[in-house]
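Undergrad: mmCIF, N, CA and C atoms, saved as structure.cif, coming up:
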data_entry
#
loop_
_atom_site.label_atom_id
_atom_site.label_comp_id
_atom_site.auth_asym_id
_atom_site.auth_seq_id
_atom_site.Cartn_x
_atom_site.Cartn_y
_atom_site.Cartn_z
N MET A 177 4.23 -17.24 1.31
CA MET A 177 3.59 -17.43 2.59
C MET A 177 2.31 -18.23 2.36
N ASP A 178 2.16 -19.35 3.02
CA ASP A 178 0.99 -20.20 2.85
C ASP A 178 -0.05 -19.90 3.90
N GLY A 179 -1.33 -20.01 3.51
CA GLY A 179 -2.41 -19.85 4.44
C GLY A 179 -2.60 -18.43 4.92
N VAL A 180 -3.21 -18.31 6.07
CA VAL A 180 -3.51 -17.00 6.65
C VAL A 180 -2.26 -16.48 7.35
N PRO A 181 -1.86 -15.24 7.06
CA PRO A 181 -0.69 -14.69 7.74
C PRO A 181 -0.94 -14.50 9.23
N GLU A 182 0.12 -14.56 9.99
CA GLU A 182 -0.01 -14.33 11.42
C GLU A 182 -0.38 -12.86 11.65
N PRO A 183 -1.47 -12.60 12.36
CA PRO A 183 -1.90 -11.21 12.54
C PRO A 183 -0.96 -10.45 13.47
N HIS A 184 -0.97 -9.16 13.31
CA HIS A 184 -0.20 -8.29 14.19
C HIS A 184 -1.05 -8.02 15.42
N THR A 185 -0.43 -8.05 16.59
CA THR A 185 -1.18 -7.75 17.81
C THR A 185 -0.89 -6.32 18.24
N GLY A 186 -1.85 -5.71 18.85
CA GLY A 186 -1.69 -4.32 19.30
C GLY A 186 -2.13 -3.35 18.23
N TRP A 187 -2.06 -2.09 18.56
CA TRP A 187 -2.51 -1.06 17.63
C TRP A 187 -1.38 -0.63 16.71
N THR A 188 -1.78 -0.02 15.60
CA THR A 188 -0.81 0.49 14.62
C THR A 188 -1.26 1.88 14.17
N PHE A 189 -0.35 2.61 13.53
CA PHE A 189 -0.66 3.96 13.09
C PHE A 189 -1.44 4.00 11.79
N LEU A 190 -1.32 2.97 10.96
CA LEU A 190 -1.92 2.99 9.64
C LEU A 190 -3.08 2.02 9.53
N THR A 191 -4.02 2.37 8.66
CA THR A 191 -5.11 1.44 8.36
C THR A 191 -4.63 0.43 7.33
N ASN A 192 -5.37 -0.65 7.21
CA ASN A 192 -5.03 -1.65 6.20
C ASN A 192 -5.19 -1.07 4.79
N HIS A 193 -6.13 -0.15 4.61
CA HIS A 193 -6.30 0.48 3.30
C HIS A 193 -5.04 1.26 2.92
N ALA A 194 -4.47 1.98 3.88
CA ALA A 194 -3.23 2.74 3.61
C ALA A 194 -2.08 1.80 3.31
N ARG A 195 -1.99 0.70 4.04
CA ARG A 195 -0.92 -0.28 3.79
C ARG A 195 -1.01 -0.88 2.40
N VAL A 196 -2.22 -1.26 2.00
CA VAL A 196 -2.40 -1.86 0.68
C VAL A 196 -2.08 -0.82 -0.41
N LEU A 197 -2.53 0.40 -0.25
CA LEU A 197 -2.24 1.45 -1.22
C LEU A 197 -0.73 1.68 -1.33
N ALA A 198 -0.03 1.70 -0.21
CA ALA A 198 1.43 1.89 -0.22
C ALA A 198 2.12 0.70 -0.89
N ALA A 199 1.64 -0.51 -0.64
CA ALA A 199 2.23 -1.69 -1.27
C ALA A 199 2.06 -1.64 -2.78
N ILE A 200 0.90 -1.18 -3.23
CA ILE A 200 0.65 -1.05 -4.67
C ILE A 200 1.52 0.07 -5.25
N ALA A 201 1.69 1.15 -4.51
CA ALA A 201 2.56 2.23 -4.98
C ALA A 201 4.00 1.76 -5.14
N ASP A 202 4.42 0.83 -4.29
CA ASP A 202 5.77 0.25 -4.39
C ASP A 202 5.92 -0.64 -5.62
N ASN A 203 4.83 -1.34 -5.99
CA ASN A 203 4.87 -2.26 -7.12
C ASN A 203 3.49 -2.29 -7.76
N ARG A 204 3.34 -1.55 -8.84
CA ARG A 204 2.02 -1.37 -9.49
C ARG A 204 1.48 -2.65 -10.12
N SER A 205 2.31 -3.67 -10.25
CA SER A 205 1.81 -4.93 -10.81
C SER A 205 1.94 -6.08 -9.80
N ALA A 206 1.95 -5.74 -8.52
CA ALA A 206 2.04 -6.75 -7.47
C ALA A 206 0.81 -7.66 -7.49
N ARG A 207 1.04 -8.93 -7.21
CA ARG A 207 -0.07 -9.87 -7.10
C ARG A 207 -0.75 -9.69 -5.75
N ILE A 208 -2.03 -9.98 -5.71
CA ILE A 208 -2.78 -9.89 -4.45
C ILE A 208 -2.11 -10.75 -3.38
N ARG A 209 -1.63 -11.89 -3.76
CA ARG A 209 -0.94 -12.78 -2.82
C ARG A 209 0.26 -12.08 -2.19
N ASP A 210 1.02 -11.36 -3.00
CA ASP A 210 2.21 -10.67 -2.50
C ASP A 210 1.85 -9.48 -1.62
N ILE A 211 0.81 -8.76 -2.01
CA ILE A 211 0.33 -7.63 -1.20
C ILE A 211 -0.14 -8.15 0.15
N ALA A 212 -0.89 -9.23 0.14
CA ALA A 212 -1.40 -9.82 1.39
C ALA A 212 -0.25 -10.23 2.31
N ALA A 213 0.76 -10.86 1.76
CA ALA A 213 1.90 -11.29 2.58
C ALA A 213 2.63 -10.08 3.15
N HIS A 214 2.84 -9.06 2.32
CA HIS A 214 3.54 -7.85 2.77
C HIS A 214 2.78 -7.14 3.88
N CYS A 215 1.46 -7.07 3.73
CA CYS A 215 0.63 -6.33 4.69
C CYS A 215 0.15 -7.20 5.86
N ARG A 216 0.48 -8.49 5.80
CA ARG A 216 0.04 -9.45 6.83
C ARG A 216 -1.48 -9.51 6.92
N LEU A 217 -2.10 -9.62 5.75
CA LEU A 217 -3.55 -9.73 5.63
C LEU A 217 -3.87 -10.98 4.82
N THR A 218 -5.12 -11.38 4.83
CA THR A 218 -5.54 -12.47 3.96
C THR A 218 -5.72 -11.93 2.55
N GLU A 219 -5.66 -12.82 1.57
CA GLU A 219 -5.89 -12.42 0.19
C GLU A 219 -7.31 -11.87 0.03
N ARG A 220 -8.25 -12.47 0.71
CA ARG A 220 -9.64 -12.01 0.65
C ARG A 220 -9.77 -10.58 1.18
N ALA A 221 -9.08 -10.27 2.28
CA ALA A 221 -9.12 -8.91 2.83
C ALA A 221 -8.52 -7.91 1.84
N VAL A 222 -7.43 -8.29 1.18
CA VAL A 222 -6.80 -7.41 0.19
C VAL A 222 -7.74 -7.20 -1.00
N GLN A 223 -8.41 -8.24 -1.45
CA GLN A 223 -9.36 -8.11 -2.55
C GLN A 223 -10.46 -7.11 -2.18
N LYS A 224 -10.97 -7.18 -0.97
CA LYS A 224 -12.02 -6.26 -0.53
C LYS A 224 -11.50 -4.83 -0.45
N ILE A 225 -10.29 -4.66 0.07
CA ILE A 225 -9.71 -3.31 0.18
C ILE A 225 -9.49 -2.72 -1.20
N ILE A 226 -8.98 -3.51 -2.14
CA ILE A 226 -8.79 -3.03 -3.50
C ILE A 226 -10.12 -2.65 -4.12
N ALA A 227 -11.16 -3.44 -3.88
CA ALA A 227 -12.50 -3.11 -4.39
C ALA A 227 -12.99 -1.80 -3.78
N ASP A 228 -12.77 -1.59 -2.48
CA ASP A 228 -13.15 -0.33 -1.83
C ASP A 228 -12.44 0.85 -2.48
N LEU A 229 -11.12 0.71 -2.67
CA LEU A 229 -10.32 1.79 -3.23
C LEU A 229 -10.73 2.09 -4.67
N GLU A 230 -11.05 1.04 -5.43
CA GLU A 230 -11.51 1.25 -6.82
C GLU A 230 -12.89 1.90 -6.84
N GLN A 231 -13.77 1.45 -5.99
CA GLN A 231 -15.14 1.99 -5.97
C GLN A 231 -15.14 3.49 -5.70
N ASP A 232 -14.23 3.95 -4.85
CA ASP A 232 -14.19 5.38 -4.50
C ASP A 232 -13.21 6.18 -5.35
N GLY A 233 -12.62 5.54 -6.37
CA GLY A 233 -11.81 6.27 -7.33
C GLY A 233 -10.35 6.50 -6.94
N TYR A 234 -9.89 5.88 -5.88
CA TYR A 234 -8.49 6.03 -5.48
C TYR A 234 -7.57 5.16 -6.32
N LEU A 235 -8.12 4.13 -6.91
CA LEU A 235 -7.33 3.11 -7.59
C LEU A 235 -8.11 2.59 -8.78
N SER A 236 -7.41 2.24 -9.85
CA SER A 236 -8.02 1.54 -10.97
C SER A 236 -7.01 0.51 -11.45
N HIS A 237 -7.48 -0.41 -12.26
CA HIS A 237 -6.53 -1.41 -12.78
C HIS A 237 -6.84 -1.73 -14.23
N THR A 238 -5.81 -2.19 -14.91
CA THR A 238 -5.96 -2.72 -16.26
C THR A 238 -5.39 -4.13 -16.25
N ARG A 239 -6.00 -4.95 -17.04
CA ARG A 239 -5.59 -6.35 -17.13
C ARG A 239 -4.59 -6.47 -18.27
N GLU A 240 -3.43 -7.03 -18.00
CA GLU A 240 -2.41 -7.28 -19.02
C GLU A 240 -2.04 -8.75 -18.95
N GLY A 241 -2.68 -9.54 -19.81
CA GLY A 241 -2.49 -10.99 -19.75
C GLY A 241 -3.10 -11.52 -18.46
N ARG A 242 -2.26 -12.14 -17.64
CA ARG A 242 -2.74 -12.67 -16.36
C ARG A 242 -2.42 -11.73 -15.20
N THR A 243 -1.93 -10.54 -15.52
CA THR A 243 -1.48 -9.60 -14.49
C THR A 243 -2.35 -8.35 -14.46
N ASN A 244 -2.62 -7.87 -13.29
CA ASN A 244 -3.26 -6.56 -13.12
C ASN A 244 -2.18 -5.52 -12.93
N THR A 245 -2.34 -4.39 -13.59
CA THR A 245 -1.47 -3.24 -13.36
C THR A 245 -2.36 -2.15 -12.78
N TYR A 246 -1.97 -1.67 -11.61
CA TYR A 246 -2.79 -0.70 -10.89
C TYR A 246 -2.35 0.72 -11.18
N ARG A 247 -3.31 1.64 -11.15
CA ARG A 247 -3.03 3.06 -11.28
C ARG A 247 -3.68 3.76 -10.10
N ILE A 248 -2.88 4.53 -9.39
CA ILE A 248 -3.36 5.28 -8.23
C ILE A 248 -3.62 6.71 -8.67
N ASP A 249 -4.72 7.30 -8.22
CA ASP A 249 -5.02 8.70 -8.51
C ASP A 249 -4.36 9.55 -7.42
N PRO A 250 -3.20 10.15 -7.71
CA PRO A 250 -2.47 10.88 -6.68
C PRO A 250 -3.15 12.17 -6.23
N ALA A 251 -4.07 12.69 -7.03
CA ALA A 251 -4.73 13.95 -6.70
C ALA A 251 -5.98 13.75 -5.84
N LYS A 252 -6.39 12.51 -5.68
CA LYS A 252 -7.60 12.22 -4.90
C LYS A 252 -7.38 12.65 -3.45
N VAL A 253 -8.37 13.33 -2.88
CA VAL A 253 -8.28 13.85 -1.51
C VAL A 253 -8.65 12.74 -0.51
N LEU A 254 -7.95 12.71 0.62
CA LEU A 254 -8.22 11.71 1.65
C LEU A 254 -9.62 11.91 2.22
N ARG A 255 -10.22 10.86 2.74
CA ARG A 255 -11.63 10.86 3.10
C ARG A 255 -11.97 11.50 4.44
N HIS A 256 -11.12 11.38 5.42
CA HIS A 256 -11.47 11.83 6.77
C HIS A 256 -11.37 13.35 6.89
N PRO A 257 -12.32 13.98 7.58
CA PRO A 257 -12.28 15.44 7.72
C PRO A 257 -10.99 15.97 8.37
N ALA A 258 -10.36 15.17 9.21
CA ALA A 258 -9.12 15.61 9.85
C ALA A 258 -7.99 15.77 8.85
N GLU A 259 -8.10 15.09 7.72
CA GLU A 259 -7.08 15.20 6.66
C GLU A 259 -7.60 16.01 5.48
N ALA A 260 -8.54 16.88 5.73
CA ALA A 260 -9.15 17.69 4.66
C ALA A 260 -8.07 18.40 3.85
N GLY A 261 -8.13 18.21 2.55
CA GLY A 261 -7.18 18.87 1.65
C GLY A 261 -5.93 18.07 1.36
N LEU A 262 -5.62 17.05 2.18
CA LEU A 262 -4.44 16.23 1.90
C LEU A 262 -4.77 15.23 0.80
N THR A 263 -3.82 15.01 -0.07
CA THR A 263 -4.02 14.11 -1.21
C THR A 263 -3.36 12.76 -0.97
N VAL A 264 -3.72 11.82 -1.81
CA VAL A 264 -3.09 10.51 -1.80
C VAL A 264 -1.58 10.66 -2.02
N ALA A 265 -1.19 11.58 -2.89
CA ALA A 265 0.24 11.79 -3.16
C ALA A 265 0.98 12.19 -1.89
N SER A 266 0.37 13.05 -1.07
CA SER A 266 1.04 13.48 0.15
C SER A 266 1.16 12.33 1.14
N LEU A 267 0.15 11.49 1.22
CA LEU A 267 0.21 10.30 2.09
C LEU A 267 1.30 9.35 1.62
N LEU A 268 1.29 9.06 0.33
CA LEU A 268 2.25 8.09 -0.21
C LEU A 268 3.68 8.60 -0.14
N SER A 269 3.87 9.91 -0.20
CA SER A 269 5.23 10.44 -0.10
C SER A 269 5.84 10.12 1.25
N LEU A 270 5.02 9.93 2.26
CA LEU A 270 5.50 9.55 3.59
C LEU A 270 5.70 8.05 3.73
N LEU A 271 4.91 7.27 3.00
CA LEU A 271 4.89 5.82 3.20
C LEU A 271 5.78 5.03 2.26
N VAL A 272 5.90 5.47 1.03
CA VAL A 272 6.60 4.69 0.02
C VAL A 272 8.07 5.07 0.02
N LYS A 273 8.91 4.05 0.10
CA LYS A 273 10.35 4.28 0.09
C LYS A 273 10.98 3.57 -1.08
N ASP A 274 12.11 4.08 -1.46
CA ASP A 274 12.93 3.41 -2.45
C ASP A 274 13.37 2.06 -1.86
N GLU A 275 13.37 1.03 -2.65
CA GLU A 275 13.73 -0.31 -2.18
C GLU A 275 15.12 -0.33 -1.55
N ALA A 276 16.04 0.48 -2.04
CA ALA A 276 17.39 0.54 -1.46
C ALA A 276 17.34 1.08 -0.04
N ASP A 277 16.49 2.07 0.21
CA ASP A 277 16.35 2.61 1.56
C ASP A 277 15.77 1.58 2.51
N ARG A 278 14.88 0.76 2.00
CA ARG A 278 14.23 -0.25 2.84
C ARG A 278 15.25 -1.23 3.41
N ALA A 279 16.31 -1.48 2.64
CA ALA A 279 17.34 -2.43 3.08
C ALA A 279 18.35 -1.80 4.04
N THR A 280 18.33 -0.48 4.17
CA THR A 280 19.26 0.21 5.05
C THR A 280 18.77 0.13 6.49
N PRO A 281 19.61 -0.33 7.42
CA PRO A 281 19.20 -0.38 8.83
C PRO A 281 18.85 1.02 9.33
N PRO A 282 17.86 1.13 10.24
CA PRO A 282 17.39 2.44 10.70
C PRO A 282 18.49 3.34 11.24
N GLY A 283 19.50 2.82 11.89
CA GLY A 283 20.54 3.66 12.47
C GLY A 283 21.66 4.02 11.51
N ASP A 284 21.63 3.50 10.28
CA ASP A 284 22.69 3.74 9.31
C ASP A 284 22.48 5.09 8.63
N ARG A 285 23.32 6.04 8.91
CA ARG A 285 23.22 7.38 8.32
C ARG A 285 24.27 7.60 7.24
N SER A 286 24.89 6.51 6.77
CA SER A 286 25.95 6.67 5.78
C SER A 286 25.43 7.05 4.41
N ARG A 287 24.14 6.78 4.15
CA ARG A 287 23.55 7.13 2.86
C ARG A 287 22.36 8.05 3.07
N PRO A 288 22.22 9.05 2.23
CA PRO A 288 21.03 9.90 2.34
C PRO A 288 19.80 9.13 1.86
N HIS A 289 18.65 9.45 2.42
CA HIS A 289 17.42 8.80 2.02
C HIS A 289 16.91 9.38 0.71
N ALA A 290 16.33 8.53 -0.12
CA ALA A 290 15.77 8.97 -1.39
C ALA A 290 14.51 9.81 -1.13
N ARG A 291 14.28 10.76 -1.97
CA ARG A 291 13.07 11.59 -1.90
C ARG A 291 12.08 11.06 -2.91
N THR A 292 10.79 11.01 -2.52
CA THR A 292 9.76 10.56 -3.46
C THR A 292 8.88 11.69 -3.86
#
Just give me the structure as structure tokens.
TA:
Amino acid sequence: MDGVPEPHTGWTFLTNHARVLAAIADNRSARIRDIAAHCRLTERAVQKIIADLEQDGYLSHTREGRTNTYRIDPAKVLRHPAEAGLTVASLLSLLVKDEADRATPPGDRSRPHART
């Protein structure tokens, strides 16, 4: 995807921080460019979100050659008081799907969904 992605109009249930975290959970070595395209954000916005998540200890990365490999702290507690006690693992268990499930049309019940 070249340039700035077309923004989504209207409201959504998830924050961009949650989307980026879920995209990283799907692929721990995803490039910022790919995360941005998946989340329909600019690369600059994704860089800032990753910096926010790293600063607060939700995410860390190691450099392997030209690639970053991310590590998510699944035990980290969510920030908002309404989610007091819920962990990153509990959030991601709802958001991250097996790639095979992603390709299954929503009405197709012929295959059971994978558990994370």
Undergrad: Select, counting only C-alpha atoms, all protein, DNA and RNA residues no farther than 8 Å from (6.5, 4.4, 0.7) in file coordinates, and express the selection as a compact mmCIF listing (two decimals) with N, CA and C atoms, in the coordinates of the input.
TA:
# COMPACT_ATOMS: atom_id res chain seq x y z
N ALA A 198 -0.03 1.70 -0.21
CA ALA A 198 1.43 1.89 -0.22
C ALA A 198 2.12 0.70 -0.89
N ALA A 199 1.64 -0.51 -0.64
CA ALA A 199 2.23 -1.69 -1.27
C ALA A 199 2.06 -1.64 -2.78
N ALA A 201 1.69 1.15 -4.51
CA ALA A 201 2.56 2.23 -4.98
C ALA A 201 4.00 1.76 -5.14
N ASP A 202 4.42 0.83 -4.29
CA ASP A 202 5.77 0.25 -4.39
C ASP A 202 5.92 -0.64 -5.62
N LEU A 268 1.29 9.06 0.33
CA LEU A 268 2.25 8.09 -0.21
C LEU A 268 3.68 8.60 -0.14
N SER A 269 3.87 9.91 -0.20
CA SER A 269 5.23 10.44 -0.10
C SER A 269 5.84 10.12 1.25
N LEU A 270 5.02 9.93 2.26
CA LEU A 270 5.50 9.55 3.59
C LEU A 270 5.70 8.05 3.73
N LEU A 271 4.91 7.27 3.00
CA LEU A 271 4.89 5.82 3.20
C LEU A 271 5.78 5.03 2.26
N VAL A 272 5.90 5.47 1.03
CA VAL A 272 6.60 4.69 0.02
C VAL A 272 8.07 5.07 0.02
N LYS A 273 8.91 4.05 0.10
CA LYS A 273 10.35 4.28 0.09
C LYS A 273 10.98 3.57 -1.08
N ASP A 274 12.11 4.08 -1.46
CA ASP A 274 12.93 3.41 -2.45
C ASP A 274 13.37 2.06 -1.86
Undergrad: Got a sec: who's within 9 Å of stretch 249-265 of chain A, counting only C-alpha atoms, leaving out chain neighbours fewer than 5 positions off, as a list in words?
TA: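 Neighbouring residues, sequence-local ones excluded: Gly233, Tyr234, Leu235, Ser236 and Leu270 of chain A.
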Undergrad: Please measure the separation of atom N of A:Arg195 and atom N of A:Lys224, giving the value in Å to one decimal.
TA: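 Computing the Euclidean distance for atom N of A:Arg195 and atom N of A:Lys224 yields 13.0 Å.
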Undergrad: Under the rule that only C-alpha atoms are counted, which of A:Ile248, A:Thr238, A:Asn203, A:Leu197 is the nearest residue to A:Val222?
TA: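 The answer is A:Leu197, which sits nearest to A:Val222.
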Undergrad: Just want the 5 Å neighbourhood of A:Tyr246, counted on only N, CA and C atoms, with same-chain residues fewer than 5 positions away dropped. Output as a list in words.
TA: Arg204, Ser205, Ser236 and His237 of chain A
Undergrad: Take atom CA of A:Cys215 and atom CA of A:Thr188 and report the distance between them in Å, one decimal.
TA: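 Separation of atom CA of A:Cys215 and atom CA of A:Thr188: 12.1 Å.
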Undergrad: So the first atom is atom C of A:Arg242 and the second is atom N of A:Arg216; what is the distance between them in Å, to one decimal place?
TA: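 Atom-to-atom, atom C of A:Arg242 to atom N of A:Arg216, that is 21.4 Å.
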Undergrad: Which residues, protein or nucleic acid, reach to within 8 Å of (-6.8, -11.7, -6.0) in the file's coordinates when using all atoms listed in the file, and can you give that as a list in words?
TA: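 Protein, DNA and RNA residues close to (-6.8, -11.7, -6.0): Arg207, Ile208, Arg209, Glu219, Arg220, Val222, Gln223 and Lys224 of chain A.
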Undergrad: Just checking: using all atoms listed in the file, which residue out of A:Thr185, A:Glu230, A:Thr218, A:Thr245 ends up closest to A:Ala206?
TA: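 Of the candidates, the smallest distance to A:Ala206 is held by A:Thr245.
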Undergrad: As lines of an AutoDock Vina configuration file, please report the centre and edge lengths, rounded to one decimal in Å, of the axis-aligned box that holds all listed atoms of stretch 260-270 of chain A with 3 Å of padding on each of the six sides.
TA:
center_x = -1.7
center_y = 13.5
center_z = 1.3
size_x = 21.0
size_y = 16.8
size_z = 14.9
